[in-house]
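*Asks:* File model11.txt follows (compact mmCIF, C-alpha atoms):
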# COMPACT_ATOMS: atom_id res chain seq x y z
CA PRO A 1 -102.29 60.88 49.68
CA ALA A 2 -105.49 58.81 49.80
CA GLY A 3 -107.56 61.74 51.09
CA PRO A 4 -108.25 63.83 54.19
CA ILE A 5 -108.36 62.61 57.77
CA THR A 6 -110.66 64.69 59.97
CA VAL A 7 -110.36 64.47 63.75
CA HIS A 8 -113.38 65.04 65.99
CA PRO A 9 -112.54 65.17 69.72
CA VAL A 10 -115.52 63.94 71.75
CA ASP A 11 -114.45 63.79 75.39
CA HIS A 12 -111.31 62.98 77.39
CA ALA A 13 -110.09 59.80 75.65
CA SER A 14 -112.90 59.42 73.09
CA PHE A 15 -112.64 60.70 69.53
CA VAL A 16 -113.81 60.02 66.00
CA MET A 17 -111.72 60.09 62.82
CA GLU A 18 -113.27 60.35 59.38
CA THR A 19 -110.74 58.76 57.04
CA PRO A 20 -110.50 57.53 53.44
CA ALA A 21 -110.87 53.99 54.80
CA GLY A 22 -113.99 54.70 56.84
CA THR A 23 -115.09 56.28 60.09
CA ILE A 24 -113.10 55.18 63.13
CA TYR A 25 -114.28 55.56 66.73
CA VAL A 26 -111.60 55.37 69.42
CA ASP A 27 -112.55 54.37 72.98
CA PRO A 28 -116.15 55.60 72.69
CA VAL A 29 -117.85 55.93 76.07
CA GLY A 30 -120.72 58.01 77.41
CA ASP A 31 -124.17 58.61 75.98
CA ALA A 32 -124.55 57.38 72.41
CA ALA A 33 -126.17 60.74 71.61
CA MET A 34 -122.70 62.29 71.82
CA TYR A 35 -121.89 60.54 68.54
CA GLU A 36 -125.04 61.39 66.58
CA ALA A 37 -123.33 64.12 64.55
CA PHE A 38 -120.81 61.67 63.11
CA PRO A 39 -121.13 58.96 60.46
CA PRO A 40 -121.74 55.47 61.85
CA ALA A 41 -118.64 53.60 62.97
CA ASP A 42 -116.92 51.37 60.43
CA LEU A 43 -114.20 50.52 62.95
CA ILE A 44 -114.11 50.83 66.74
CA LEU A 45 -110.78 50.63 68.58
CA ILE A 46 -110.69 49.88 72.31
CA THR A 47 -107.39 50.32 74.14
CA HIS A 48 -108.28 48.84 77.56
CA GLU A 49 -110.93 48.13 80.15
CA HIS A 50 -111.13 51.27 82.30
CA GLY A 51 -114.47 53.03 82.33
CA ASP A 52 -113.22 56.12 80.51
CA HIS A 53 -112.19 53.89 77.59
CA TYR A 54 -114.61 50.94 77.56
CA ASN A 55 -118.35 50.78 78.10
CA ALA A 56 -120.31 47.82 76.81
CA ASP A 57 -123.63 49.70 76.67
CA THR A 58 -122.11 52.48 74.58
CA LEU A 59 -120.54 49.96 72.23
CA THR A 60 -123.81 48.08 71.85
CA ALA A 61 -125.54 51.31 70.86
CA LEU A 62 -122.84 52.38 68.38
CA ALA A 63 -121.74 49.12 66.72
CA GLY A 64 -123.77 48.44 63.60
CA ASP A 65 -124.13 45.22 61.66
CA THR A 66 -120.97 45.84 59.63
CA THR A 67 -118.86 47.55 62.30
CA GLN A 68 -115.47 45.95 62.93
CA MET A 69 -114.08 46.13 66.47
CA ILE A 70 -110.50 45.69 67.62
CA THR A 71 -109.70 45.34 71.32
CA ASN A 72 -106.97 44.11 73.59
CA PRO A 73 -107.54 40.51 74.79
CA ALA A 74 -108.68 41.54 78.29
CA VAL A 75 -111.52 43.66 76.90
CA PHE A 76 -112.44 40.99 74.36
CA ASP A 77 -113.02 38.55 77.21
CA MET A 78 -115.41 41.04 78.84
CA LEU A 79 -117.53 41.73 75.77
CA PRO A 80 -121.13 40.53 75.56
CA GLU A 81 -121.48 37.69 73.08
CA ALA A 82 -123.19 39.89 70.48
CA LEU A 83 -120.20 42.25 70.48
CA LYS A 84 -117.65 39.43 70.46
CA GLU A 85 -119.04 38.37 67.09
CA LYS A 86 -117.93 41.73 65.67
CA ALA A 87 -114.63 41.94 67.52
CA GLU A 88 -111.06 40.78 67.15
CA ALA A 89 -108.59 40.56 70.04
CA VAL A 90 -105.09 41.82 69.21
CA GLU A 91 -102.32 41.44 71.77
CA ASN A 92 -99.27 43.63 72.33
CA GLY A 93 -96.91 43.42 69.37
CA ALA A 94 -99.44 41.77 67.05
CA SER A 95 -101.07 43.32 64.01
CA THR A 96 -104.23 43.12 61.95
CA THR A 97 -105.94 45.00 59.14
CA PHE A 98 -109.01 47.14 58.54
CA GLY A 99 -109.50 47.03 54.79
CA GLU A 100 -106.16 48.27 53.46
CA VAL A 101 -105.20 49.92 56.76
CA GLY A 102 -102.59 48.07 58.77
CA ILE A 103 -103.06 48.20 62.55
CA GLU A 104 -100.29 47.45 65.05
CA ALA A 105 -100.95 46.95 68.77
CA ILE A 106 -98.36 48.96 70.68
CA PRO A 107 -97.77 48.08 74.35
CA ALA A 108 -99.33 50.65 76.72
CA TYR A 109 -98.30 50.41 80.35
CA ASN A 110 -96.92 52.14 83.42
CA ILE A 111 -93.18 52.12 84.05
CA THR A 112 -93.14 54.00 87.40
CA GLU A 113 -93.23 51.47 90.23
CA GLU A 114 -96.07 53.05 92.21
CA ARG A 115 -98.23 53.33 89.07
CA LYS A 116 -97.82 49.82 87.68
CA GLN A 117 -101.09 48.61 89.21
CA PHE A 118 -103.04 50.99 86.96
CA HIS A 119 -101.80 49.66 83.61
CA PRO A 120 -99.64 46.54 83.98
CA GLU A 121 -97.25 45.66 81.20
CA GLY A 122 -98.68 43.26 78.62
CA ARG A 123 -102.40 43.99 79.08
CA ASP A 124 -103.37 47.24 77.33
CA ASN A 125 -102.94 48.49 73.79
CA GLY A 126 -101.98 51.62 71.97
CA TYR A 127 -102.37 51.48 68.20
CA VAL A 128 -100.52 52.54 65.06
CA LEU A 129 -102.74 52.84 62.00
CA GLY A 130 -101.05 52.77 58.60
CA PHE A 131 -103.00 54.64 55.95
CA GLU A 132 -101.59 55.26 52.47
CA GLY A 133 -98.68 57.59 53.16
CA PHE A 134 -99.90 58.53 56.66
CA ARG A 135 -99.33 56.85 60.05
CA VAL A 136 -101.40 57.56 63.16
CA TYR A 137 -100.38 56.65 66.71
CA ILE A 138 -102.98 56.41 69.51
CA SER A 139 -101.31 56.08 72.90
CA GLY A 140 -104.15 54.78 75.06
CA ASP A 141 -103.15 54.97 78.74
CA THR A 142 -99.40 54.67 79.09
CA GLU A 143 -96.23 56.28 80.28
CA ASP A 144 -93.34 57.20 77.99
CA THR A 145 -92.31 53.62 77.39
CA PRO A 146 -89.37 52.50 75.26
CA GLU A 147 -91.90 51.29 72.67
CA MET A 148 -93.39 54.79 72.41
CA ARG A 149 -90.01 56.46 72.18
CA ALA A 150 -88.91 54.01 69.46
CA LEU A 151 -91.80 54.87 67.14
CA SER A 152 -90.83 56.22 63.73
CA GLY A 153 -92.59 57.71 60.75
CA ILE A 154 -95.62 58.90 62.75
CA ASP A 155 -97.56 61.68 61.07
CA LEU A 156 -100.26 62.17 63.70
CA ALA A 157 -100.12 61.18 67.37
CA PHE A 158 -102.60 61.26 70.24
CA VAL A 159 -100.66 61.31 73.52
CA CYS A 160 -102.18 60.98 76.99
CA MET A 161 -101.01 62.75 80.12
CA ASN A 162 -102.56 62.73 83.58
CA LEU A 163 -101.39 61.70 87.02
CA PRO A 164 -101.31 59.35 88.75
CA PHE A 165 -102.59 57.05 86.01
CA THR A 166 -100.31 57.84 83.06
CA MET A 167 -97.54 60.49 82.91
CA ASP A 168 -97.07 64.19 83.34
CA ALA A 169 -96.69 66.80 80.62
CA ASN A 170 -92.90 66.76 80.94
CA ALA A 171 -92.63 63.03 80.22
CA ALA A 172 -95.16 63.23 77.39
CA ALA A 173 -93.33 66.13 75.76
CA SER A 174 -89.97 64.39 76.15
CA ALA A 175 -91.28 61.29 74.39
CA VAL A 176 -92.87 63.30 71.58
CA ALA A 177 -89.62 65.23 71.10
CA GLU A 178 -87.89 61.86 70.66
CA PHE A 179 -90.23 60.14 68.18
CA LYS A 180 -91.10 63.41 66.39
CA PRO A 181 -94.59 62.99 64.93
CA THR A 182 -95.57 65.68 62.43
CA PHE A 183 -98.68 66.55 64.46
CA VAL A 184 -99.71 65.68 68.01
CA TYR A 185 -102.91 66.06 69.99
CA PRO A 186 -102.51 66.06 73.77
CA TYR A 187 -105.56 64.28 75.19
CA HIS A 188 -106.70 62.53 78.36
CA TYR A 189 -105.17 65.34 80.44
CA ARG A 190 -107.77 65.79 83.19
CA GLY A 191 -107.93 63.10 85.88
CA ARG A 192 -110.66 62.03 88.27
CA ASP A 193 -108.31 62.67 91.18
CA GLY A 194 -107.31 66.18 90.20
CA GLY A 195 -104.29 65.11 88.17
CA THR A 196 -104.78 67.71 85.45
CA GLN A 197 -101.87 68.45 83.11
CA ASP A 198 -101.51 71.67 81.13
CA PRO A 199 -101.66 71.05 77.37
CA GLN A 200 -100.21 74.50 76.70
CA ALA A 201 -97.18 73.74 78.86
CA PHE A 202 -96.84 70.46 76.96
CA ALA A 203 -96.92 72.36 73.66
CA GLU A 204 -94.16 74.71 74.79
CA MET A 205 -91.90 71.76 75.66
CA VAL A 206 -92.42 69.64 72.54
CA GLY A 207 -90.11 71.51 70.20
CA ALA A 208 -90.35 72.97 66.73
CA GLU A 209 -90.36 69.70 64.77
CA THR A 210 -93.91 68.76 65.86
CA GLU A 211 -97.04 70.88 65.48
CA VAL A 212 -99.29 70.62 68.54
CA LYS A 213 -103.03 70.52 67.83
CA MET A 214 -105.51 71.45 70.54
CA GLY A 215 -108.87 69.65 70.57
CA GLY A 216 -111.97 70.58 72.52
CA TRP A 217 -111.82 67.47 74.69
CA TYR A 218 -113.45 69.10 77.70
CA ASP A 219 -115.73 71.73 76.11
Represent the structure of the file as structure tokens.
*Replies:*
Amino acid sequence: PAGPITVHPVDHASFVMETPAGTIYVDPVGDAAMYEAFPPADLILITHEHGDHYNADTLTALAGDTTQMITNPAVFDMLPEALKEKAEAVENGASTTFGEVGIEAIPAYNITEERKQFHPEGRDNGYVLGFEGFRVYISGDTEDTPEMRALSGIDLAFVCMNLPFTMDANAAASAVAEFKPTFVYPYHYRGRDGGTQDPQAFAEMVGAETEVKMGGWYD
């Protein structure tokens, strides 16, 4: 109701959203030139410390004088001092605000025993952003946790899937079919170790209640 939200996939786990509340960068990594086509960041969200989600040099290049940053506590502790001055650490289950947008930190972690070393419970964040009449869920790196499956009232979701670090397309689709966002983007579906998941197969498993959007994450 407050206005349009435009999604710009950048690469793998990085994307930009132009929203009525400002321009939001999510896990921006890579060359800062990749972001030149977008408005400067008003808010930067960092889910966790892995190199495909967090890069201090990229953040230094993209964070302006008025940019607000929200990170999990582990990343906050790693930030250079100049970036810490712009950042706020939000732990699992806590919340904060960006203007009038409420932001909840959703636990993001592995639940399969042999994967728990990648994303231990309690460290990393997903996020739910509450715009006027529109809720956005960003999974970060996670499996289909009880906290994900318990989500409600999500209008737009970004859901990861790649092995061995997160989950496969079957688990991702099963979770989405349970919490039923209006729209979902599969993202983060190609892995360094060949763990690629098929977003089209995911789309076929999700069910009719959710519209699957395909972004050019790897173009």
*Asks:* Name the residues in contact with Glu209 (chain A) at a cut-off of 9 Å, using all atoms listed in the file, excluding same-chain residues fewer than 5 positions from it; report them as a PDB file with C-alpha atoms, in the coordinates of the input.
*Replies:*
ATOM      1  CA  ALA A 177     -89.620  65.230  71.100  1.00  0.00           C
ATOM      2  CA  LYS A 180     -91.100  63.410  66.390  1.00  0.00           C
ATOM      3  CA  PRO A 181     -94.590  62.990  64.930  1.00  0.00           C
ATOM      4  CA  THR A 182     -95.570  65.680  62.430  1.00  0.00           C
ATOM      5  CA  PHE A 183     -98.680  66.550  64.460  1.00  0.00           C
TER       6      PHE A 183
END
*Asks:* For Asn110 (chain A), which of A:Val212, A:Leu151, A:Met161, A:Leu156 is the closest residue, counting all atoms listed in the file?
*Replies:*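 Of the candidates, the smallest distance to Asn110 (chain A) is held by A:Met161.
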*Asks:* Between CA of Thr71 (chain A) and CA of Phe202 (chain A), what is the spacing in Å?
*Replies:*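 It comes out at 28.8 Å.
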*Asks:* Within 8 Å of region 8-14 of chain A, counting all atoms listed in the file, which residues qualify if same-chain residues fewer than 5 places away don't, as a VMD selection string?
*Replies:* chain A and resid 25 to 29 34 to 35 52 to 53 140 187 to 190 215 to 218
